[in-house]
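A.B. asks: What follows is structure_3.cif; its format and atoms are mmCIF, C-alpha atoms and all ligand atoms.
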```
data_protein
loop_
_atom_site.label_atom_id
_atom_site.label_comp_id
_atom_site.auth_asym_id
_atom_site.auth_seq_id
_atom_site.Cartn_x
_atom_site.Cartn_y
_atom_site.Cartn_z
CA MET R 1 16.24 -29.56 -14.02
CA LEU R 2 19.68 -28.46 -15.14
CA CYS R 3 21.66 -31.28 -16.77
CA SER R 4 25.13 -29.77 -16.83
CA ALA R 5 24.75 -26.34 -15.34
CA ARG R 6 27.74 -24.17 -14.65
CA ILE R 7 26.00 -22.74 -11.60
CA THR R 8 24.55 -25.17 -9.08
CA ALA R 9 23.71 -22.92 -6.13
CA VAL R 10 22.51 -19.37 -5.55
CA LEU R 11 22.96 -17.98 -2.05
CA PHE R 12 21.48 -14.80 -0.61
CA ASP R 13 21.95 -12.38 2.20
CA LEU R 14 18.60 -11.79 3.95
CA ASP R 15 18.17 -8.20 5.17
CA ASP R 16 17.75 -5.68 2.35
CA THR R 17 18.58 -8.40 -0.18
CA LEU R 18 15.52 -10.70 0.01
CA ILE R 19 13.49 -8.59 2.43
CA ASP R 20 12.99 -4.84 2.12
CA TRP R 21 13.76 -2.73 5.19
CA SER R 22 12.92 0.60 3.50
CA GLY R 23 9.51 0.75 5.19
CA ARG R 24 10.61 -0.30 8.67
CA LEU R 25 8.73 1.53 11.39
CA HIS R 26 11.28 1.53 14.22
CA ASN R 27 15.01 1.81 14.75
CA PHE R 28 16.96 -1.30 15.70
CA ALA R 29 16.70 -0.74 19.44
CA ASP R 30 12.97 -0.02 19.48
CA THR R 31 12.32 -3.12 17.38
CA ALA R 32 13.59 -5.16 20.34
CA ARG R 33 11.55 -3.28 22.94
CA PRO R 34 8.36 -5.42 22.93
CA HIS R 35 10.50 -8.56 23.03
CA ILE R 36 12.53 -7.27 25.97
CA ASN R 37 9.21 -6.59 27.68
CA ASN R 38 8.26 -10.25 27.07
CA LEU R 39 11.58 -11.30 28.57
CA TYR R 40 11.04 -9.03 31.57
CA ASP R 41 7.63 -10.58 32.24
CA CYS R 42 9.02 -14.11 31.90
CA LEU R 43 11.90 -13.48 34.32
CA THR R 44 9.65 -11.75 36.83
CA ALA R 45 7.13 -14.60 36.68
CA ALA R 46 10.00 -17.04 37.31
CA GLY R 47 10.75 -15.23 40.58
CA HIS R 48 13.80 -13.20 39.57
CA THR R 49 14.20 -9.73 41.05
CA LEU R 50 14.67 -7.25 38.23
CA PRO R 51 15.42 -3.52 38.03
CA GLU R 52 13.10 -1.15 36.12
CA ARG R 53 12.11 -2.29 32.62
CA GLU R 54 14.03 0.60 31.11
CA THR R 55 17.21 -0.57 32.84
CA LEU R 56 16.87 -4.06 31.35
CA PHE R 57 16.23 -2.47 27.94
CA GLN R 58 19.28 -0.19 28.19
CA GLN R 59 21.59 -2.93 29.47
CA TYR R 60 20.43 -5.25 26.69
CA ASN R 61 21.13 -2.61 24.06
CA GLU R 62 24.57 -1.93 25.50
CA ALA R 63 25.32 -5.67 25.52
CA VAL R 64 24.28 -5.87 21.83
CA VAL R 65 26.47 -2.91 20.83
CA GLN R 66 29.42 -4.26 22.82
CA GLY R 67 28.95 -7.71 21.27
CA TRP R 68 29.04 -6.36 17.69
CA GLU R 69 32.00 -4.07 18.37
CA LYS R 70 33.99 -7.01 19.71
CA ALA R 71 32.90 -9.37 16.91
CA LYS R 72 33.84 -6.96 14.13
CA LYS R 73 37.48 -7.05 15.22
CA ASN R 74 37.91 -10.61 13.95
CA TRP R 75 34.57 -11.28 12.16
CA SER R 76 33.40 -13.69 14.85
CA GLY R 77 29.64 -14.05 15.23
CA VAL R 78 27.63 -12.28 17.90
CA ASN R 79 25.46 -14.88 19.63
CA PHE R 80 22.07 -13.85 21.02
CA GLY R 81 22.22 -16.34 23.90
CA ARG R 82 25.60 -14.90 24.91
CA VAL R 83 24.16 -11.36 24.66
CA LEU R 84 21.32 -12.35 26.98
CA ILE R 85 23.75 -13.87 29.49
CA ASN R 86 25.86 -10.68 29.39
CA THR R 87 22.69 -8.64 29.91
CA PHE R 88 21.68 -10.75 32.91
CA ILE R 89 25.16 -10.34 34.42
CA ARG R 90 24.92 -6.56 33.88
CA ILE R 91 21.72 -6.39 35.96
CA GLY R 92 23.07 -8.67 38.69
CA LEU R 93 21.04 -11.81 38.00
CA ASP R 94 22.36 -15.26 38.92
CA VAL R 95 22.72 -16.71 35.41
CA THR R 96 22.97 -20.27 36.78
CA ARG R 97 19.30 -19.93 37.82
CA ILE R 98 18.07 -18.88 34.37
CA ASP R 99 16.76 -21.26 31.71
CA LEU R 100 18.30 -19.64 28.62
CA ASP R 101 16.22 -21.61 26.12
CA ALA R 102 13.03 -20.60 27.92
CA ALA R 103 14.20 -16.96 27.97
CA MET R 104 14.84 -17.05 24.21
CA GLN R 105 11.40 -18.55 23.60
CA ALA R 106 9.79 -15.93 25.85
CA TYR R 107 11.50 -13.15 23.86
CA ASP R 108 9.09 -14.27 21.10
CA TRP R 109 10.85 -12.83 18.04
CA GLN R 110 8.46 -11.80 15.27
CA PRO R 111 8.61 -10.21 11.80
CA ILE R 112 9.90 -6.65 12.02
CA PRO R 113 7.10 -4.07 11.63
CA GLY R 114 7.20 -2.50 8.15
CA VAL R 115 9.71 -5.02 6.73
CA ARG R 116 8.50 -7.31 3.94
CA PRO R 117 9.76 -9.24 0.90
CA TYR R 118 10.39 -7.20 -2.24
CA ALA R 119 7.62 -7.39 -4.85
CA ASP R 120 9.71 -9.83 -6.92
CA THR R 121 11.28 -11.94 -4.14
CA HIS R 122 8.88 -14.88 -4.44
CA THR R 123 8.92 -14.85 -8.24
CA VAL R 124 12.71 -14.94 -8.36
CA LEU R 125 13.10 -17.65 -5.69
CA GLN R 126 10.46 -19.79 -7.41
CA ALA R 127 12.15 -19.31 -10.80
CA LEU R 128 15.49 -20.42 -9.32
CA LYS R 129 13.87 -23.43 -7.69
CA ASP R 130 12.08 -24.35 -10.92
CA SER R 131 15.41 -24.14 -12.76
CA GLY R 132 16.93 -26.66 -10.36
CA TYR R 133 19.29 -24.37 -8.48
CA LYS R 134 19.96 -25.03 -4.83
CA ILE R 135 19.07 -21.94 -2.78
CA GLY R 136 20.93 -20.81 0.32
CA LEU R 137 20.75 -18.06 2.90
CA ILE R 138 23.64 -16.53 4.87
CA THR R 139 22.77 -13.75 7.30
CA ASN R 140 24.90 -11.71 9.66
CA SER R 141 22.43 -11.99 12.49
CA MET R 142 23.07 -12.62 16.18
CA TYR R 143 19.81 -14.55 16.37
CA PRO R 144 19.78 -18.32 15.93
CA MET R 145 18.29 -19.47 12.63
CA TRP R 146 15.14 -20.75 14.33
CA MET R 147 14.31 -17.16 15.29
CA ARG R 148 14.89 -15.71 11.79
CA ASP R 149 12.83 -18.67 10.51
CA VAL R 150 9.83 -17.10 12.27
CA GLU R 151 10.14 -14.22 9.78
CA LEU R 152 10.74 -16.49 6.77
CA GLN R 153 7.69 -18.54 7.73
CA ALA R 154 5.54 -15.40 8.05
CA TYR R 155 6.69 -14.28 4.58
CA ASN R 156 6.04 -17.77 3.15
CA MET R 157 9.70 -18.02 2.16
CA LEU R 158 10.98 -20.83 4.37
CA ASP R 159 10.45 -23.70 1.92
CA TYR R 160 12.66 -22.24 -0.81
CA PHE R 161 15.93 -22.83 1.03
CA ASP R 162 18.24 -25.84 0.96
CA ALA R 163 20.53 -24.27 3.58
CA ARG R 164 20.19 -21.36 6.00
CA VAL R 165 22.82 -20.08 8.41
CA THR R 166 23.19 -17.14 10.77
CA SER R 167 26.47 -15.73 12.06
CA GLY R 168 25.13 -16.16 15.59
CA ASP R 169 24.94 -19.94 15.08
CA THR R 170 28.11 -20.21 13.02
CA GLY R 171 30.51 -18.21 15.18
CA TYR R 172 31.71 -16.26 12.14
CA MET R 173 30.15 -13.41 10.19
CA LYS R 174 30.49 -12.28 6.59
CA PRO R 175 33.05 -11.50 5.17
CA HIS R 176 34.79 -14.38 6.98
CA PRO R 177 34.99 -17.29 4.49
CA ALA R 178 34.02 -19.83 7.19
CA ILE R 179 30.34 -18.84 7.12
CA TYR R 180 30.17 -19.13 3.31
CA ARG R 181 31.95 -22.50 3.42
CA ARG R 182 29.54 -23.77 6.04
CA ALA R 183 26.52 -22.98 3.86
CA LEU R 184 28.22 -24.33 0.72
CA LYS R 185 29.03 -27.59 2.51
CA MET R 186 25.42 -27.94 3.65
CA MET R 187 24.39 -27.62 -0.01
CA ASP R 188 27.23 -29.78 -1.36
CA ALA R 189 28.12 -26.86 -3.65
CA ALA R 190 31.53 -25.66 -4.87
CA PRO R 191 32.27 -21.92 -4.49
CA GLU R 192 33.18 -21.48 -8.18
CA SER R 193 29.78 -22.94 -9.16
CA SER R 194 27.90 -20.71 -6.75
CA VAL R 195 26.53 -17.19 -6.89
CA PHE R 196 26.21 -14.97 -3.83
CA VAL R 197 23.84 -12.00 -3.75
CA GLY R 198 24.07 -9.34 -1.04
CA ASP R 199 23.77 -5.61 -0.40
CA ARG R 200 26.76 -4.81 1.84
CA PRO R 201 29.97 -4.59 -0.16
CA ALA R 202 32.35 -4.89 2.82
CA ASN R 203 30.53 -7.94 4.19
CA ASP R 204 28.57 -9.72 1.45
CA ILE R 205 30.66 -8.98 -1.63
CA ALA R 206 34.16 -8.97 -0.16
CA GLY R 207 33.48 -12.30 1.54
CA ALA R 208 31.94 -13.92 -1.54
CA ASN R 209 34.91 -12.78 -3.64
CA ASN R 210 37.42 -14.10 -1.11
CA THR R 211 35.59 -17.43 -0.97
CA GLY R 212 35.79 -17.76 -4.75
CA MET R 213 32.09 -17.35 -5.48
CA ILE R 214 30.52 -15.25 -8.22
CA SER R 215 29.36 -12.07 -6.48
CA VAL R 216 26.26 -10.03 -7.25
CA TRP R 217 25.81 -6.70 -5.50
CA MET R 218 22.17 -5.97 -4.71
CA ASN R 219 22.00 -2.17 -4.71
CA PRO R 220 18.33 -1.14 -4.45
CA PRO R 221 17.42 2.59 -4.51
CA HIS R 222 16.91 2.96 -0.74
CA ILE R 223 20.43 1.77 0.10
CA GLU R 224 23.57 3.86 -0.10
CA PHE R 225 26.71 1.82 0.39
CA ASP R 226 30.06 2.75 -1.12
CA LEU R 227 31.93 -0.02 -2.92
CA ASN R 228 35.28 1.28 -1.62
CA ASN R 229 37.27 -0.59 -4.28
CA ILE R 230 35.41 -3.85 -3.65
CA LYS R 231 34.54 -5.27 -7.07
CA PRO R 232 31.34 -7.27 -7.47
CA ASP R 233 31.16 -9.46 -10.58
CA TYR R 234 27.67 -8.09 -11.27
CA THR R 235 25.42 -5.34 -9.90
CA ILE R 236 21.62 -5.37 -9.75
CA THR R 237 19.07 -2.90 -8.38
CA ALA R 238 16.21 -5.43 -8.16
CA LEU R 239 16.24 -9.19 -7.62
CA SER R 240 14.60 -9.99 -10.97
CA GLU R 241 17.76 -8.68 -12.71
CA LEU R 242 19.50 -11.77 -11.33
CA LEU R 243 17.70 -14.15 -13.72
CA PRO R 244 19.26 -12.87 -16.99
CA ILE R 245 22.68 -12.88 -15.28
CA LEU R 246 22.27 -16.57 -14.49
CA GLU R 247 21.15 -17.25 -18.05
CA LYS R 248 24.26 -15.48 -19.29
CA LEU R 249 26.50 -17.48 -16.95
CA GLU R 250 24.99 -20.73 -18.22
CA THR R 251 25.37 -19.87 -21.90
CA GLU R 252 28.95 -18.64 -21.46
CA LYS R 253 30.19 -21.89 -19.92
MG MG H 301 21.87 -7.13 4.04
#
```
Would you mind giving the structure from this file in structure tokens?

C.D. replies:
Amino acid sequence: MLCSARITAVLFDLDDTLIDWSGRLHNFADTARPHINNLYDCLTAAGHTLPERETLFQQYNEAVVQGWEKAKKNWSGVNFGRVLINTFIRIGLDVTRIDLDAAMQAYDWQPIPGVRPYADTHTVLQALKDSGYKIGLITNSMYPMWMRDVELQAYNMLDYFDARVTSGDTGYMKPHPAIYRRALKMMDAAPESSVFVGDRPANDIAGANNTGMISVWMNPPHIEFDLNNIKPDYTITALSELLPILEKLETEK
């Protein structure tokens, strides 16, 4: 354990920071297709009259796009439950007759085909844990954390984290400071003693900087984001490069 460490917590973005999307098999919309089919079957079995499957799929996708467009105006969080309600309204269902929790369960979210942890993800998370750092996760995801936990569980990553938040649950997305503060509070960590690692400069890095955290830009070869004058404190191209940075931060205190 660390006796008087300068850094007490290390927080991560999820997608393309801890898990590698470079091998993903489908686009975003098609990833949802089997789950929308599950939802369709559940609603039909419950006695609701639905249009063609393709109509539900299209209306869902439009509700998702509309939700993100609206949320990006003030960095509020898109909420999956709200997206489903908007989808049901679009296809003329009586939302008062729908059990939203049951619908979300029936959607049956699963790990995304072709997405997996990086080769060094487990090694790095275990090294951080062994060093006594608290480990956090902040993801801009409309899904509630319990749904993203299905992925973390499948990747054997769930037990590393002391705090995990999604923007869908929080009502704010990165770069809004509120989502960072929520995770920091859950970990009882101060921003200046915390490191944030993420791949999207405009979301992950800008928000970490504005919150007063030490920012590390994860810039793996398959990703091409422009920094656009956003200045990360450190840049890495693989997660294992984070460990010497932490060592340096501890020795420089
Ligand atoms: Mg990301």

A.B. asks: Do you know which residues are within 7 Å of ligand MG 301 (chain H) using all atoms listed in the file? Can you write them as a compact mmCIF listing (two decimals) with C-alpha atoms, in the frame of the given file?

C.D. replies:
```txt
# COMPACT_ATOMS: atom_id res chain seq x y z
CA ASP R 13 21.95 -12.38 2.20
CA LEU R 14 18.60 -11.79 3.95
CA ASP R 15 18.17 -8.20 5.17
CA ASP R 16 17.75 -5.68 2.35
CA THR R 17 18.58 -8.40 -0.18
CA GLY R 198 24.07 -9.34 -1.04
CA ASP R 199 23.77 -5.61 -0.40
CA ARG R 200 26.76 -4.81 1.84
```

A.B. asks: I'd like the neighbourhood of region 141-157 of chain R as a ChimeraX atom specification, where a residue qualifies if any of its atoms comes within 7 Å (using all atoms listed in the file), though same-chain residues fewer than 2 positions away should be ignored.

C.D. replies: /R:77-80,109-111,117,139,159-160,165-169

A.B. asks: Suppose you want the space between CA of Arg24 (chain R) and CA of Asp41 (chain R); what is it in Å?

C.D. replies: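 Answer for the CA of Arg24 (chain R) to CA of Asp41 (chain R) separation: 25.9 Å.
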
A.B. asks: What is the CA of Ser240 (chain R) to CA of Arg182 (chain R) distance in Å?

C.D. replies: 26.5 Å

A.B. asks: Excluding same-chain residues fewer than 5 positions from Glu252 (chain R), what lies within 12 Å of it counting all atoms listed in the file, as a list in words?

C.D. replies: Ala5, Arg6, Ile7, Ile245, Leu246 and Glu247 of chain R

A.B. asks: If the box runs along x, y and z of the file and leaves 5 Å on each side of region 231-240 of chain R, what are its centre and edge lengths in Å, one decimal, as AutoDock Vina command-line options?

C.D. replies:
```
--center_x 24.6 --center_y -6.4 --center_z -9.2 --size_x 29.9 --size_y 17.1 --size_z 14.2
```

A.B. asks: To one decimal in Å, tell me the separation between CA of Lys185 (chain R) and CA of Phe161 (chain R).

C.D. replies: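 Separating CA of Lys185 (chain R) from CA of Phe161 (chain R) is a distance of 14.0 Å.
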
A.B. asks: Determine the nearest neighbour of Asp233 (chain R) from the options R:Pro201, R:Ile36, R:Ile112, R:Pro220, counting all atoms listed in the file.

C.D. replies: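 Among R:Pro201, R:Ile36, R:Ile112, R:Pro220, it is R:Pro201 that comes nearest to Asp233 (chain R).
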
A.B. asks: Give me the residues within 12 Å of Met187 (chain R) as an MDAnalysis selection string, counting only C-alpha atoms and dropping any in the same chain fewer than 4 places off.

C.D. replies: chainID R and resid 8:11 133:137 161:165 180:183 191 193:194

A.B. asks: If you count only C-alpha atoms, which residues fall within 10 Å of region 54-67 of chain R, apart from same-chain ones fewer than 4 positions away, as a PyMOL selection string?

C.D. replies: chain R and resi 28-30+32-37+39-40+50+71-72+76-80+82-91+142

A.B. asks: Quick one: residues within 12 Å of Gly114 (chain R), only C-alpha atoms counted, chain neighbours fewer than 6 positions away excluded, as a VMD selection string?

C.D. replies: chain R and resid 19 to 27 31

A.B. asks: My list of candidates is R:Ile138, R:Leu242, R:Val95, R:Ile205. Which is closest to Asp226 (chain R) when distances are computed with all atoms listed in the file?

C.D. replies: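 The closest residue to Asp226 (chain R) is R:Ile205.
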
A.B. asks: Looking at all atoms listed in the file, which of R:Asp94, R:Glu69, R:Asp130, R:Glu250 is the one that sits closest to Leu43 (chain R)?

C.D. replies: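 Using all atoms listed in the file, Leu43 (chain R) sits closest to R:Asp94.
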
A.B. asks: Quick one: of R:Cys42, R:Ile179, R:Gly212, R:Pro221, who's nearest to Asp108 (chain R), counting all atoms listed in the file?

C.D. replies: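 Smallest distance to Asp108 (chain R) is found for R:Cys42.
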
A.B. asks: Nearest residue to Arg53 (chain R) out of R:Val195, R:Asp204, R:Met173, R:Asn38, using only C-alpha atoms?

C.D. replies: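 Smallest separation from Arg53 (chain R) among the options: R:Asn38.
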